[in-house]
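K.L.:
Input final.cif, format and content: mmCIF, C-alpha atoms and all ligand atoms.
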data_work
loop_
_atom_site.label_atom_id
_atom_site.label_comp_id
_atom_site.auth_asym_id
_atom_site.auth_seq_id
_atom_site.Cartn_x
_atom_site.Cartn_y
_atom_site.Cartn_z
CA MET U 1 70.56 73.96 -70.21
CA THR U 2 66.92 73.09 -70.55
CA THR U 3 65.45 70.77 -73.12
CA GLU U 4 62.06 71.36 -74.65
CA ARG U 5 59.99 68.22 -74.17
CA LEU U 6 58.31 67.72 -77.55
CA TYR U 7 56.41 64.69 -76.26
CA PHE U 8 54.58 66.96 -73.79
CA ARG U 9 52.54 68.43 -76.64
CA ASP U 10 52.72 65.61 -79.15
CA SER U 11 53.26 62.04 -78.04
CA TYR U 12 52.81 60.88 -81.67
CA LEU U 13 55.99 62.60 -82.88
CA ARG U 14 58.26 59.81 -84.13
CA GLU U 15 60.97 61.80 -85.93
CA PHE U 16 62.48 65.16 -85.08
CA SER U 17 65.65 67.19 -85.43
CA ALA U 18 67.42 69.02 -82.63
CA ARG U 19 70.59 70.91 -81.81
CA VAL U 20 73.22 69.33 -79.60
CA LEU U 21 73.80 71.52 -76.53
CA SER U 22 76.46 69.27 -75.05
CA ALA U 23 78.05 65.92 -75.85
CA SER U 24 80.10 64.13 -73.18
CA PRO U 25 82.01 61.08 -74.46
CA GLY U 26 81.99 57.92 -72.32
CA GLN U 27 83.32 54.43 -73.02
CA GLY U 28 81.76 53.55 -76.37
CA TRP U 29 78.92 55.99 -75.92
CA THR U 30 78.15 59.70 -75.76
CA GLU U 31 75.86 61.43 -73.29
CA VAL U 32 74.01 64.02 -75.31
CA VAL U 33 71.88 66.99 -74.19
CA LEU U 34 69.57 68.41 -76.88
CA ASP U 35 67.70 71.71 -77.15
CA ARG U 36 64.53 69.67 -77.74
CA THR U 37 63.58 66.02 -77.69
CA ALA U 38 60.77 63.65 -78.51
CA PHE U 39 62.41 60.89 -76.45
CA TYR U 40 60.77 60.17 -73.10
CA PRO U 41 63.30 59.82 -70.25
CA GLU U 42 62.71 57.02 -67.75
CA GLY U 43 60.59 58.22 -64.86
CA GLY U 44 57.11 58.36 -63.33
CA GLY U 45 56.81 54.60 -63.61
CA GLN U 46 57.36 54.61 -67.39
CA PRO U 47 60.48 53.14 -69.07
CA SER U 48 62.62 55.32 -71.32
CA ASP U 49 62.19 55.50 -75.07
CA VAL U 50 64.80 53.96 -77.34
CA GLY U 51 65.57 54.57 -81.01
CA MET U 52 68.25 56.24 -83.14
CA LEU U 53 69.97 59.56 -82.61
CA GLY U 54 72.54 61.08 -84.97
CA GLY U 55 72.64 57.78 -86.86
CA TYR U 56 73.54 55.74 -83.76
CA PRO U 57 71.44 53.48 -81.53
CA LEU U 58 70.02 55.24 -78.50
CA ASP U 59 69.39 52.73 -75.75
CA GLU U 60 68.69 54.89 -72.73
CA VAL U 61 67.27 58.31 -71.93
CA LEU U 62 67.40 59.49 -68.36
CA GLU U 63 66.79 62.61 -66.38
CA ARG U 64 69.39 63.82 -63.90
CA ASP U 65 68.81 67.02 -61.90
CA GLY U 66 66.20 68.12 -64.43
CA ILE U 67 68.55 67.57 -67.41
CA ILE U 68 67.57 64.99 -70.06
CA LEU U 69 70.55 62.83 -71.02
CA HIS U 70 70.50 60.72 -74.22
CA ARG U 71 72.95 57.83 -74.07
CA VAL U 72 74.02 57.18 -77.67
CA GLN U 73 76.15 54.23 -78.83
CA GLY U 74 78.52 56.27 -81.00
CA VAL U 75 80.34 59.55 -81.27
CA VAL U 76 78.02 62.55 -81.50
CA THR U 77 79.44 66.04 -81.79
CA GLU U 78 77.94 69.53 -81.78
CA GLY U 79 75.44 70.54 -84.48
CA GLU U 80 72.09 69.30 -85.72
CA VAL U 81 71.05 65.71 -85.19
CA ALA U 82 68.04 63.68 -86.31
CA GLY U 83 66.17 61.43 -83.89
CA GLN U 84 63.86 58.49 -84.63
CA LEU U 85 61.82 56.74 -81.97
CA ASP U 86 61.32 53.00 -81.71
CA TRP U 87 57.62 53.56 -82.30
CA GLU U 88 56.44 50.03 -81.51
CA ARG U 89 57.91 50.29 -78.01
CA ARG U 90 56.63 53.84 -77.47
CA PHE U 91 53.08 53.02 -78.57
CA ASP U 92 53.11 49.97 -76.32
CA CYS U 93 54.11 52.24 -73.41
CA MET U 94 51.34 54.70 -74.34
CA GLN U 95 48.77 51.89 -74.27
CA GLN U 96 49.95 50.64 -70.87
CA HIS U 97 50.23 54.11 -69.38
CA SER U 98 46.83 55.31 -70.60
CA GLY U 99 45.31 52.02 -69.48
CA GLN U 100 46.80 52.57 -66.04
CA HIS U 101 44.99 55.93 -65.71
CA ILE U 102 41.70 54.26 -66.67
CA LEU U 103 42.22 51.30 -64.35
CA SER U 104 43.34 53.45 -61.41
CA GLN U 105 40.24 55.64 -61.71
CA ALA U 106 38.02 52.55 -62.01
CA PHE U 107 39.50 51.06 -58.82
CA GLU U 108 39.05 54.37 -57.05
CA ARG U 109 35.44 54.87 -58.19
CA LEU U 110 34.13 51.37 -57.58
CA LEU U 111 36.18 50.28 -54.58
CA GLY U 112 37.49 53.56 -53.13
CA ALA U 113 40.96 52.06 -53.56
CA PRO U 114 43.57 54.71 -54.39
CA THR U 115 46.66 53.98 -56.48
CA VAL U 116 49.69 54.42 -54.24
CA SER U 117 52.29 53.57 -56.88
CA PHE U 118 52.62 52.35 -60.44
CA HIS U 119 55.34 50.48 -62.29
CA MET U 120 55.51 49.78 -66.00
CA GLY U 121 57.91 47.05 -67.12
CA LEU U 122 58.61 45.94 -70.66
CA GLU U 123 56.70 42.69 -70.03
CA SER U 124 53.95 43.67 -67.63
CA SER U 125 52.84 46.55 -65.43
CA THR U 126 51.61 46.81 -61.86
CA ILE U 127 49.49 49.18 -59.78
CA ASP U 128 49.79 49.13 -55.99
CA LEU U 129 46.39 49.83 -54.46
CA GLY U 130 45.84 51.11 -50.93
CA THR U 131 43.66 48.15 -50.00
CA SER U 132 44.57 44.70 -48.78
CA ALA U 133 41.29 43.03 -49.64
CA LEU U 134 40.53 42.44 -53.28
CA GLU U 135 38.01 39.87 -54.51
CA GLN U 136 37.58 38.30 -57.93
CA GLY U 137 34.07 39.76 -58.30
CA GLN U 138 35.36 43.28 -57.56
CA VAL U 139 38.15 42.92 -60.10
CA ASP U 140 35.60 41.76 -62.70
CA GLU U 141 33.51 44.89 -62.02
CA VAL U 142 36.54 47.17 -62.31
CA GLU U 143 37.52 45.54 -65.61
CA ARG U 144 33.99 46.05 -66.96
CA LEU U 145 34.07 49.77 -66.10
CA ALA U 146 37.61 50.24 -67.46
CA ASN U 147 36.75 48.55 -70.75
CA SER U 148 33.48 50.45 -71.12
CA VAL U 149 35.58 53.65 -70.97
CA VAL U 150 37.75 52.12 -73.73
CA PHE U 151 34.73 51.23 -75.88
CA GLU U 152 33.29 54.75 -75.52
CA ASN U 153 36.50 56.00 -77.18
CA ARG U 154 36.76 59.09 -74.98
CA PRO U 155 39.33 61.77 -75.88
CA ILE U 156 42.47 61.90 -73.75
CA LEU U 157 43.44 65.55 -73.42
CA VAL U 158 46.64 67.18 -72.21
CA HIS U 159 46.56 70.55 -70.40
CA LEU U 160 49.85 72.40 -70.00
CA LEU U 161 49.22 75.00 -67.31
CA GLU U 162 50.90 78.37 -67.18
CA GLY U 163 50.31 78.95 -63.48
CA SER U 164 49.44 76.72 -60.59
CA ASP U 165 45.67 77.24 -60.63
CA LEU U 166 44.18 73.76 -60.55
CA SER U 167 40.74 74.87 -59.32
CA ARG U 168 38.96 73.87 -62.52
CA PHE U 169 40.19 70.27 -62.28
CA HIS U 170 39.01 67.38 -60.12
CA LEU U 171 42.39 65.76 -59.68
CA ARG U 172 42.58 62.12 -58.60
CA LYS U 173 45.92 62.92 -56.99
CA ALA U 174 47.41 66.23 -55.86
CA THR U 175 50.73 67.59 -57.09
CA ASP U 176 53.36 69.50 -55.16
CA ARG U 177 54.61 71.18 -58.35
CA THR U 178 53.96 74.89 -58.55
CA GLU U 179 54.85 75.46 -62.20
CA GLY U 180 54.89 73.57 -65.50
CA ILE U 181 51.99 71.44 -64.35
CA ARG U 182 50.65 69.03 -66.95
CA VAL U 183 47.22 67.58 -66.40
CA VAL U 184 46.10 64.51 -68.36
CA GLU U 185 42.34 64.28 -68.72
CA ILE U 186 40.27 61.32 -69.83
CA GLN U 187 37.11 63.17 -70.72
CA ASP U 188 34.48 63.08 -67.96
CA PHE U 189 36.33 60.27 -66.21
CA ASP U 190 39.81 61.03 -64.85
CA GLU U 191 42.10 64.03 -64.32
CA ILE U 192 45.61 63.72 -62.91
CA PRO U 193 48.92 65.60 -63.14
CA CYS U 194 51.25 63.40 -65.25
CA GLY U 195 54.35 63.90 -67.39
CA GLY U 196 54.12 60.63 -69.31
CA THR U 197 53.04 59.74 -72.83
CA HIS U 198 49.44 58.72 -73.52
CA CYS U 199 47.15 57.76 -76.39
CA ARG U 200 44.87 60.48 -77.84
CA SER U 201 41.72 58.48 -77.14
CA THR U 202 40.75 55.57 -74.96
CA GLY U 203 39.86 53.38 -77.96
CA GLU U 204 43.56 53.20 -78.87
CA VAL U 205 44.34 51.60 -75.51
CA GLY U 206 42.55 48.41 -76.52
CA LEU U 207 41.59 45.74 -74.01
CA VAL U 208 42.46 46.48 -70.36
CA LYS U 209 42.96 43.21 -68.48
CA VAL U 210 43.99 42.42 -64.92
CA VAL U 211 46.01 39.19 -65.01
CA ARG U 212 46.69 38.59 -61.28
CA TRP U 213 46.97 40.30 -57.91
CA ASP U 214 48.47 39.63 -54.52
CA ARG U 215 48.90 41.30 -51.15
CA ARG U 216 51.95 43.47 -50.54
CA ALA U 217 52.46 44.89 -47.03
CA GLY U 218 48.89 46.04 -46.50
CA ASN U 219 48.40 46.92 -50.19
CA SER U 220 47.33 44.95 -53.23
CA ARG U 221 49.64 44.69 -56.23
CA VAL U 222 47.59 44.37 -59.39
CA GLU U 223 49.31 43.18 -62.56
CA PHE U 224 47.63 44.23 -65.79
CA LEU U 225 48.07 44.24 -69.57
CA CYS U 226 46.67 46.59 -72.21
CA GLY U 227 46.32 46.61 -75.99
CA VAL U 228 48.94 44.63 -77.89
CA ARG U 229 50.23 42.99 -74.71
CA ALA U 230 46.72 41.85 -73.77
CA LEU U 231 46.26 40.40 -77.25
CA ARG U 232 49.57 38.50 -77.10
CA ASP U 233 48.66 37.18 -73.67
CA TYR U 234 45.22 36.06 -74.91
CA GLN U 235 46.81 34.31 -77.88
CA ALA U 236 49.27 32.45 -75.64
CA LYS U 237 46.61 31.50 -73.11
CA ASN U 238 44.17 30.43 -75.82
CA ARG U 239 46.82 28.18 -77.34
CA ALA U 240 47.51 26.69 -73.91
CA VAL U 241 43.83 26.07 -73.16
CA LEU U 242 43.14 24.55 -76.60
CA HIS U 243 46.14 22.29 -76.17
CA LEU U 244 44.94 21.19 -72.72
CA ALA U 245 41.35 20.73 -73.92
CA SER U 246 42.51 18.56 -76.81
CA SER U 247 44.80 16.46 -74.55
CA LEU U 248 41.96 15.97 -72.08
CA SER U 249 39.32 15.49 -74.83
CA VAL U 250 37.01 18.12 -73.32
CA LYS U 251 35.68 21.54 -74.37
CA ASP U 252 37.96 24.46 -73.45
CA ARG U 253 35.73 25.68 -70.61
CA GLU U 254 35.70 22.19 -69.13
CA VAL U 255 39.48 22.10 -68.64
CA PRO U 256 39.52 23.13 -64.94
CA GLY U 257 36.93 20.47 -64.03
CA ALA U 258 38.77 17.84 -66.06
CA VAL U 259 42.08 18.66 -64.33
CA GLU U 260 40.43 18.43 -60.91
CA ARG U 261 38.99 15.05 -61.85
CA LEU U 262 42.40 13.85 -63.01
CA GLN U 263 44.02 15.01 -59.78
CA ARG U 264 41.39 13.18 -57.75
CA GLU U 265 41.83 10.02 -59.81
CA LEU U 266 45.59 10.26 -59.50
CA GLY U 267 45.29 10.63 -55.71
CA GLU U 268 43.03 7.57 -55.52
CA ALA U 269 45.33 5.55 -57.78
CA ARG U 270 48.34 6.48 -55.65
CA HIS U 271 46.51 5.47 -52.51
CA ARG U 272 45.51 2.14 -54.06
CA MET U 273 49.03 1.55 -55.34
CA GLU U 274 50.36 2.23 -51.87
CA GLN U 275 48.04 -0.42 -50.38
CA LEU U 276 49.04 -2.97 -53.00
CA MET U 277 52.72 -2.14 -52.62
CA ASP U 278 52.43 -2.72 -48.89
CA ARG U 279 50.86 -6.12 -49.43
CA LEU U 280 53.46 -7.02 -52.05
CA LEU U 281 56.30 -6.08 -49.70
CA ASP U 282 54.73 -8.13 -46.89
CA ARG U 283 54.66 -11.21 -49.12
CA GLU U 284 58.13 -10.55 -50.50
CA ALA U 285 59.50 -10.28 -46.94
CA GLU U 286 57.83 -13.59 -45.96
CA ALA U 287 59.17 -15.34 -49.07
CA LEU U 288 62.70 -14.04 -48.58
CA LEU U 289 62.71 -14.97 -44.88
CA SER U 290 61.56 -18.50 -45.71
CA GLN U 291 64.63 -18.95 -47.94
CA ALA U 292 67.05 -17.10 -45.65
CA ARG U 293 70.32 -18.59 -44.48
CA VAL U 294 70.12 -19.22 -40.74
CA VAL U 295 73.22 -19.10 -38.56
CA ASP U 296 72.98 -19.33 -34.78
CA GLY U 297 69.27 -18.65 -35.00
CA VAL U 298 69.75 -15.45 -37.03
CA SER U 299 68.00 -15.35 -40.45
CA VAL U 300 70.09 -13.51 -43.03
CA VAL U 301 68.34 -12.33 -46.19
CA SER U 302 70.85 -11.28 -48.84
CA VAL U 303 69.41 -10.45 -52.23
CA LEU U 304 69.79 -8.20 -55.29
CA LEU U 305 66.42 -6.88 -56.54
CA SER U 306 67.23 -4.86 -59.64
CA ASP U 307 63.73 -3.42 -60.15
CA TYR U 308 63.56 -2.02 -56.59
CA GLY U 309 64.33 1.62 -55.86
CA ALA U 310 66.00 2.91 -52.70
CA GLU U 311 62.70 3.68 -50.94
CA GLU U 312 61.18 0.27 -51.69
CA LEU U 313 64.33 -1.49 -50.48
CA LYS U 314 64.13 0.43 -47.22
CA ARG U 315 60.50 -0.53 -46.70
CA LEU U 316 61.24 -4.18 -47.52
CA ALA U 317 64.17 -4.19 -45.08
CA GLY U 318 61.87 -2.75 -42.42
CA LYS U 319 59.36 -5.57 -42.95
CA ILE U 320 62.08 -8.27 -42.83
CA THR U 321 63.70 -6.91 -39.68
CA ALA U 322 60.34 -6.46 -37.94
CA HIS U 323 60.73 -10.22 -37.40
CA PRO U 324 62.93 -11.25 -34.49
CA ARG U 325 66.57 -12.13 -35.14
CA ALA U 326 66.54 -11.14 -38.82
CA VAL U 327 69.11 -9.38 -40.98
CA ALA U 328 68.37 -7.78 -44.37
CA LEU U 329 71.25 -7.14 -46.79
CA LEU U 330 69.48 -5.73 -49.82
CA ALA U 331 70.68 -4.25 -53.08
CA GLY U 332 68.68 -2.77 -55.94
CA GLY U 333 68.79 -0.33 -58.82
CA SER U 334 69.47 -0.72 -62.54
CA GLU U 335 72.65 1.32 -63.15
CA LYS U 336 73.88 2.63 -59.83
CA ALA U 337 73.21 0.24 -56.95
CA HIS U 338 71.29 1.14 -53.81
CA LEU U 339 72.21 -0.75 -50.65
CA VAL U 340 70.09 -1.14 -47.54
CA PHE U 341 71.45 -3.10 -44.56
CA ALA U 342 69.20 -3.59 -41.56
CA ARG U 343 68.87 -5.79 -38.52
CA SER U 344 66.28 -6.58 -35.84
CA GLU U 345 66.44 -4.42 -32.71
CA GLU U 346 67.77 -7.16 -30.44
CA LEU U 347 70.83 -7.95 -32.60
CA GLY U 348 74.04 -6.21 -31.66
CA PHE U 349 76.15 -5.52 -34.76
CA ASP U 350 76.42 -2.11 -36.47
CA ALA U 351 74.74 -2.20 -39.90
CA GLY U 352 76.26 1.14 -40.90
CA GLN U 353 79.77 -0.03 -40.18
CA LEU U 354 79.19 -3.24 -42.15
CA LEU U 355 77.78 -1.31 -45.12
CA ARG U 356 80.73 1.08 -45.23
CA LYS U 357 83.24 -1.76 -44.91
CA VAL U 358 81.90 -3.82 -47.83
CA SER U 359 81.04 -0.92 -50.15
CA SER U 360 84.19 1.19 -49.79
CA PRO U 361 86.40 -1.16 -51.94
CA PHE U 362 83.98 -0.45 -54.83
CA GLY U 363 83.93 3.33 -54.30
CA GLY U 364 80.61 3.13 -52.48
CA LYS U 365 79.31 5.43 -49.77
CA GLY U 366 76.73 5.18 -47.07
CA GLY U 367 75.80 5.46 -43.45
CA GLY U 368 72.94 5.56 -41.02
CA GLN U 369 71.88 4.05 -37.75
CA PRO U 370 73.32 0.81 -36.24
CA ASN U 371 70.04 -0.95 -37.05
CA LEU U 372 69.44 0.62 -40.50
CA ALA U 373 71.97 1.90 -43.01
CA ARG U 374 71.65 3.05 -46.60
CA GLY U 375 74.26 3.55 -49.25
CA GLY U 376 75.14 3.13 -52.88
CA LEU U 377 77.67 1.69 -55.31
CA PRO U 378 78.67 3.25 -58.64
CA SER U 379 77.78 0.00 -60.45
CA THR U 380 75.19 -2.76 -59.85
CA GLU U 381 77.74 -5.28 -61.13
CA ASP U 382 79.65 -4.98 -57.85
CA ALA U 383 76.55 -5.22 -55.67
CA GLY U 384 76.47 -9.06 -55.64
CA ILE U 385 80.13 -9.22 -54.57
CA ALA U 386 79.52 -6.61 -51.84
CA LEU U 387 76.53 -8.57 -50.53
CA GLU U 388 78.56 -11.78 -50.45
CA ALA U 389 81.32 -10.00 -48.54
CA ALA U 390 78.74 -8.73 -46.05
CA VAL U 391 77.39 -12.26 -45.49
CA ARG U 392 80.96 -13.57 -44.92
CA GLU U 393 81.61 -10.79 -42.42
CA LEU U 394 78.42 -11.57 -40.53
CA PHE U 395 79.03 -15.32 -40.45
CA SER U 396 82.62 -14.91 -39.29
CA ALA U 397 81.41 -12.62 -36.52
CA THR U 398 78.53 -14.82 -35.38
CA GLY U 399 80.20 -18.19 -36.20
ZN ZN K 401 50.16 59.31 -67.21
#
Kindly present the structure from the file in C-alpha cells form.
Ligand SMILES: [Zn+2]
P.N.:
Amino acid sequence: MTTERLYFRDSYLREFSARVLSASPGQGWTEVVLDRTAFYPEGGGQPSDVGMLGGYPLDEVLERDGIILHRVQGVVTEGEVAGQLDWERRFDCMQQHSGQHILSQAFERLLGAPTVSFHMGLESSTIDLGTSALEQGQVDEVERLANSVVFENRPILVHLLEGSDLSRFHLRKATDRTEGIRVVEIQDFDEIPCGGTHCRSTGEVGLVKVVRWDRRAGNSRVEFLCGVRALRDYQAKNRAVLHLASSLSVKDREVPGAVERLQRELGEARHRMEQLMDRLLDREAEALLSQARVVDGVSVVSVLLSDYGAEELKRLAGKITAHPRAVALLAGGSEKAHLVFARSEELGFDAGQLLRKVSSPFGGKGGGQPNLARGGLPSTEDAGIALEAAVRELFSATG
C-alpha cells in the first residue's frame, strides 16, 4: 500500500483528487490511506500539512512504517476524495524550510559549522550547529550571505534519482538511503538529500533572520524566522521600539542607551533613598524612645505607624532595640496589619511568645526569635488593641 507523494514533484499543488485505499474509523475520526497525496506528513523537522479531505477537516498527516496516514475529522469511505491544502500554512513551512537550507549552508561555508539537527515549529524554527562558540559578528556575516542568496533569486531545483549514484552532487550531508533519493539544490550554493517541501526560488523565501541563539550541550541552537514570519516579527518589534522611543522621548536607535541611563539613575535614586530612609529611621527611633513608657528601667515603645511596611517596621525595631533595655512593639500597614515585637539583647522575655499570645485572639499569626518576632493581623483596626494587650502583659510581668 504505497502512496504517491505528489508534493515530491510539485510542492505548489494545493488541490488534488485521490482514491481511498483504506479507511480505518477511530473515535470521531478516520485514518485514511490514499493512492496519492499532496499532503506532507510530519517528519524531517517539518510539521504536517493540514486542510480538508473528503469534505472534512484534516488536522494531522503522519507516516508510520512508510505508510502515510491522513487523520480526518469525519467518516470517509472507499472511493474518490478531493483534498485541499491549508496553503497559508504550507507556504509558511516552505519559506522556513528553504530558508533553513540557505542558512545551514551559510553557517557551514563561513564558519565551518555543520547543522546537526533542525526543528521547525509553527511559531519559530531552530538549527542546532556543531559549534559551541558563536559571536554576534559571525551571525551578522552569515545573515548577509544568506540574504544575498535570497536577493539573487536563485532557482531551487528538485532531483528525483532513479539509482543511488550521487557522484554528480556535492552534498552538504550524506544519506544512507539507497533508492528514491531526492536531492534539493539551491543553484550553485547548496545540495542536500531532503524529502520536504521548498520554494521554487530563493526570492520567495523572503528575509532570513536569526533572532537569538544559545549553547546546548556543546552545540549552538540558532532560532530563525523567514518570510512572512520575519515580517510579522519586524512589525511587532518595530511597534515595541517606537512605543519605547516615544515613552523615553528619544529616537528609536537611542532606546538602549536611554534605558541604561534610566537604570543607572534608578540605582542612584534607590541608593540615595536608602541613605535618607536610614537617617529617618534613626530620628524616628530617637523620638519614639524619648516618649517611651519606662517601667523598671525598661523603655517600652508601643506605636501604630500606618504608613510603614513590614520591612521598615523591622528596621525601626532594630534601631530602637539597639539601645539598652528597650522594647519595641510596632504595628503598621493600611489594610492588613504587620506586627514587629523586639527587645534588647539583655532583656529576658520571649518576643515571639508575646506576639503570638496577643495576636491569636484576632486571628493573627507570627513567630520568630525570642528577641525579634514578626506577624500580622487580618485588620489594622485590631492592631491598637493588640499592642495595648502586649504592654499590659509586659508591665504585669516586669511590675
Ligand atoms: Zn529540505
K.L.:
List the spatial neighbours of U:Tyr308 as a list in words - criterion: any atom at most 10 Å away, all atoms listed in the file, same-chain residues fewer than 6 positions off excluded.
P.N.:
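The contact residues come out as Lys314, Leu316, Leu330, Ala331, Gly332, Gly333, Ser334, Ala337 and His338 of chain U.
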K.L.:
So how far away is atom CA of U:Phe8 from atom CA of U:Gly51, in Å?
P.N.:
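If I compute the distance from atom CA of U:Gly51 to atom CA of U:Phe8, I get 18.1 Å.
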K.L.:
Can you pull out every residue within 8 Å of stretch 92-97 of chain U, counting all atoms listed in the file, but drop anything in the same chain fewer than 6 positions away, and send it as a ChimeraX atom specification?
P.N.:
/U:46-47,120,125,196-199,204-206,225-229
K.L.:
Identify, on the basis of all atoms listed in the file, every residue whose closest approach to stretch 160-171 of chain U does not exceed 9 Å; exclude the query and any residue fewer than 2 positions from it along the same chain; express the result as a PDB file with C-alpha atoms, in the coordinates of the input.
P.N.:
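Contents of the output file around-v8.pdb:
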ATOM      1  CA  PHE U   8      54.580  66.960 -73.790  1.00  0.00           C
ATOM      2  CA  ARG U   9      52.540  68.430 -76.640  1.00  0.00           C
ATOM      3  CA  VAL U 158      46.640  67.180 -72.210  1.00  0.00           C
ATOM      4  CA  LYS U 173      45.920  62.920 -56.990  1.00  0.00           C
ATOM      5  CA  ALA U 174      47.410  66.230 -55.860  1.00  0.00           C
ATOM      6  CA  THR U 175      50.730  67.590 -57.090  1.00  0.00           C
ATOM      7  CA  ARG U 177      54.610  71.180 -58.350  1.00  0.00           C
ATOM      8  CA  THR U 178      53.960  74.890 -58.550  1.00  0.00           C
ATOM      9  CA  GLU U 179      54.850  75.460 -62.200  1.00  0.00           C
ATOM     10  CA  GLY U 180      54.890  73.570 -65.500  1.00  0.00           C
ATOM     11  CA  ILE U 181      51.990  71.440 -64.350  1.00  0.00           C
ATOM     12  CA  ARG U 182      50.650  69.030 -66.950  1.00  0.00           C
ATOM     13  CA  VAL U 183      47.220  67.580 -66.400  1.00  0.00           C
ATOM     14  CA  VAL U 184      46.100  64.510 -68.360  1.00  0.00           C
ATOM     15  CA  ASP U 190      39.810  61.030 -64.850  1.00  0.00           C
ATOM     16  CA  GLU U 191      42.100  64.030 -64.320  1.00  0.00           C
ATOM     17  CA  ILE U 192      45.610  63.720 -62.910  1.00  0.00           C
ATOM     18  CA  PRO U 193      48.920  65.600 -63.140  1.00  0.00           C
TER      19      PRO U 193
END
K.L.:
When you count all atoms listed in the file, which of these residues is closest to U:Arg315: U:Ala292, U:Val222, U:Leu110, U:Leu280?
P.N.:
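Among the listed residues, the smallest separation from U:Arg315 belongs to U:Leu280.
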K.L.:
Between atom CA of U:Ala18 and atom CA of U:Glu80, what is the distance in Å, rounded to a tenth?
P.N.:
5.6 Å
K.L.:
Which one is closest to U:Leu62: U:Ala342, U:Val81, U:Val32, U:Val294? Count only C-alpha atoms.
P.N.:
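Checking each of U:Ala342, U:Val81, U:Val32, U:Val294 against U:Leu62, counting only C-alpha atoms, the winner is U:Val32.
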K.L.:
Of the residues U:Ala351, U:Leu262, U:Leu122, U:Leu157, which is the one nearest to ligand ZN 401 (chain K), using all atoms listed in the file?
P.N.:
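Ranked by minimum distance to ligand ZN 401 (chain K), first place goes to U:Leu157.
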K.L.:
One decimal, in Å: what's the spacing between atom CA of U:Arg356 and atom CA of U:Ala322?
P.N.:
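These two atoms are separated by 22.9 Å.
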K.L.:
With distances taken over only C-alpha atoms and all ligand atoms, which of U:His70, U:His119, U:Arg392, U:Arg239 is nearest to ligand ZN 401 (chain K)?
P.N.:
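Distance minimum relative to ligand ZN 401 (chain K) lands on U:His119.
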K.L.:
I'd like the neighbourhood of U:Trp87 as a ChimeraX atom specification, where a residue qualifies if any of its atoms comes within 12 Å (using all atoms listed in the file), though same-chain residues fewer than 6 positions away should be ignored.
P.N.:
/U:11-15,38-40,49-52,93-94
K.L.:
May I ask which of the residues U:Asp65, U:Glu141, U:Asp35, U:Glu185 is the closest one to ligand ZN 401 (chain K), counting only C-alpha atoms and all ligand atoms?
P.N.:
U:Glu185
K.L.:
Restricting the calculation to all atoms listed in the file: of U:Gly83, U:Arg144, U:Phe151, U:Ile156, which residue gets closest to ligand ZN 401 (chain K)?
P.N.:
U:Ile156
K.L.:
Using all atoms listed in the file, which residues sit within 9 Å of stretch 282-289 of chain U once same-chain residues fewer than 5 positions away are excluded, as an NGL selection string?
P.N.:
:U and (277 or 299-303 or 316-317 or 319-320 or 326)
